[in-house]
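Structure first, commentary second.
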Amino acid sequence: MRRLVRAPRLFRRGGLAKAAVVVAALVTVGATYAVLVPNDAAGADGPQSQQIEEGRRLFAVGCSSCHGLHADGASNGEGEMAGPSLIGVGAAAVDFQVSTGRMPAVQPGAQVPQKPPVYTTEEIAALAAYVASLGPGPAVPAEEAYDVSNATQEEVVQGGELFRTNCTACHNFAGRGGALPHGRYAPSLMETTPRNMYQAMLTGPQQMPVFSDQVLLPEDKRAIIAYLVSLQETNDPGGFGLGRLGPVSEGLWGWLVGIGLLVAVAVWIGAKVPTVGRRQTKD
């Protein structure tokens, strides 16, 4: 009888010990997880996650018809690509395209023109955050990367040399833009912000090549921006700048206006001479 009585006591003691060990293990694991990953757990519902979710909703409504619901590209139903994949383009590409109004595009074409932006600054940031979460790509540059308010004259001169070497074939030496094949064109940079100048060099929108940090150092990009800003702030001392296109536009202006006025005066004089002669004959 004594053995029968003691067995349940030992069983109960052993069961309690096992339960205590299991509870202690669970508490230890939970405490360790809370210590090691507190930021991830908090960030799951943090501001960044909310911004990405807002960007995903905006993308589904305004962008997915061309770029696909998951931003991996979509066709137009005729076997042609309606919009390219945006996975890996980065936040800078989205910020540039949407802030300049090029996206969302009104209709497909050889070149998507600039227009007033459709989204607010906050919505653009949310779209950029969502696309950036899909894959690594160029981030939106910090303000100090393109701030040229304190640029020196030496930087402006250096930026002019870099711009004339790398950019004038399309944008003209004065940044006024120019025509390209197949209905495309390089836009004027006279109203482009320094931020978008930097982002365009980082991402290479449309037919523009990408000038990564390995091709143009960050300080070189800043020097080019300083040169372009100096052009934006320079007045034309002669009055109408004629697009700063050089002797072609100046010669055309001379032919149309200068010689045109001379021809008009000659015709007017010729029309008056016979009238004077007839009056003298009658007298």
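All residue names refer to the structure tokens as shown: chains lettered A, B, ... in order, residues numbered from 1 in each chain, ligands numbered from 1 in order.
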Cut-off 7 Å: closest segment 100-160 of chain A/segment 183-197 of chain A atom pairs per residue, using only C-alpha atoms, as JSON lines:
{"residue": "A:Ala110", "atom": "CA", "partner": "A:Arg184", "partner_atom": "CA", "distance": 5.8}
{"residue": "A:Gln111", "atom": "CA", "partner": "A:Arg184", "partner_atom": "CA", "distance": 5.5}
{"residue": "A:Tyr146", "atom": "CA", "partner": "A:Pro194", "partner_atom": "CA", "distance": 5.8}
- Within 12 Å of Ala105 of chain A, counting only C-alpha atoms, which residues qualify if same-chain residues fewer than 4 places away don't, as a count of residues only? 21
- Item | Expected answer as a ChimeraX atom specification: alpha helix (DSSP H) residues in segment 180-264 of chain A | /A:194-203,218-233,247-253,260-264
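All residues in segment 148-260 of chain A with a DSSP state of strand (DSSP E), computed from the backbone, read Gly178, Ala179, Tyr185 and Ala186 of chain A.
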- Pick from A:Ala145, A:Leu228, A:Val140, A:Val263: nearest to Thr168 of chain A, with only C-alpha atoms counted? A:Leu228
- Message: Taking 3 positions as the minimum chain separation for residues in the same chain, which residues sit within 9 Å of Glu123 of chain A when counting only C-alpha atoms? Answer as a ChimeraX atom specification.
- Response: /A:51,54-55,58,119-120,126-128
Dump of N, CA, C and O atoms for the selected residues, as a short mmCIF file (atom, residue, chain, number, x, y, z; two decimals), in the first residue's frame:
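again_14.cif written:
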data_model
loop_
_atom_site.label_atom_id
_atom_site.label_comp_id
_atom_site.auth_asym_id
_atom_site.auth_seq_id
_atom_site.Cartn_x
_atom_site.Cartn_y
_atom_site.Cartn_z
N GLN A 51 3.51 53.95 -44.64
CA GLN A 51 3.78 54.68 -45.88
C GLN A 51 3.83 53.71 -47.06
O GLN A 51 3.30 54.00 -48.14
N GLU A 54 0.33 52.65 -47.91
CA GLU A 54 -0.37 53.72 -48.61
C GLU A 54 0.10 53.78 -50.07
O GLU A 54 -0.70 53.97 -51.00
N GLY A 55 1.40 53.63 -50.28
CA GLY A 55 1.93 53.62 -51.64
C GLY A 55 1.40 52.45 -52.45
O GLY A 55 1.13 52.59 -53.65
N LEU A 58 -2.11 53.39 -53.60
CA LEU A 58 -2.06 54.37 -54.68
C LEU A 58 -1.59 53.73 -55.98
O LEU A 58 -2.10 54.04 -57.06
N TYR A 119 -0.08 63.84 -58.13
CA TYR A 119 -0.07 63.46 -56.72
C TYR A 119 0.58 64.54 -55.86
O TYR A 119 1.38 65.35 -56.34
N THR A 120 0.23 64.53 -54.59
CA THR A 120 0.84 65.45 -53.63
C THR A 120 2.23 64.95 -53.25
O THR A 120 2.63 63.83 -53.58
N ALA A 126 5.03 58.18 -50.72
CA ALA A 126 4.48 56.85 -50.45
C ALA A 126 4.68 55.92 -51.65
O ALA A 126 5.05 54.76 -51.48
N LEU A 127 4.43 56.41 -52.85
CA LEU A 127 4.66 55.59 -54.04
C LEU A 127 6.12 55.19 -54.16
O LEU A 127 6.44 54.04 -54.49
N ALA A 128 7.02 56.15 -53.90
CA ALA A 128 8.45 55.85 -53.98
C ALA A 128 8.85 54.82 -52.94
O ALA A 128 9.66 53.91 -53.22
#
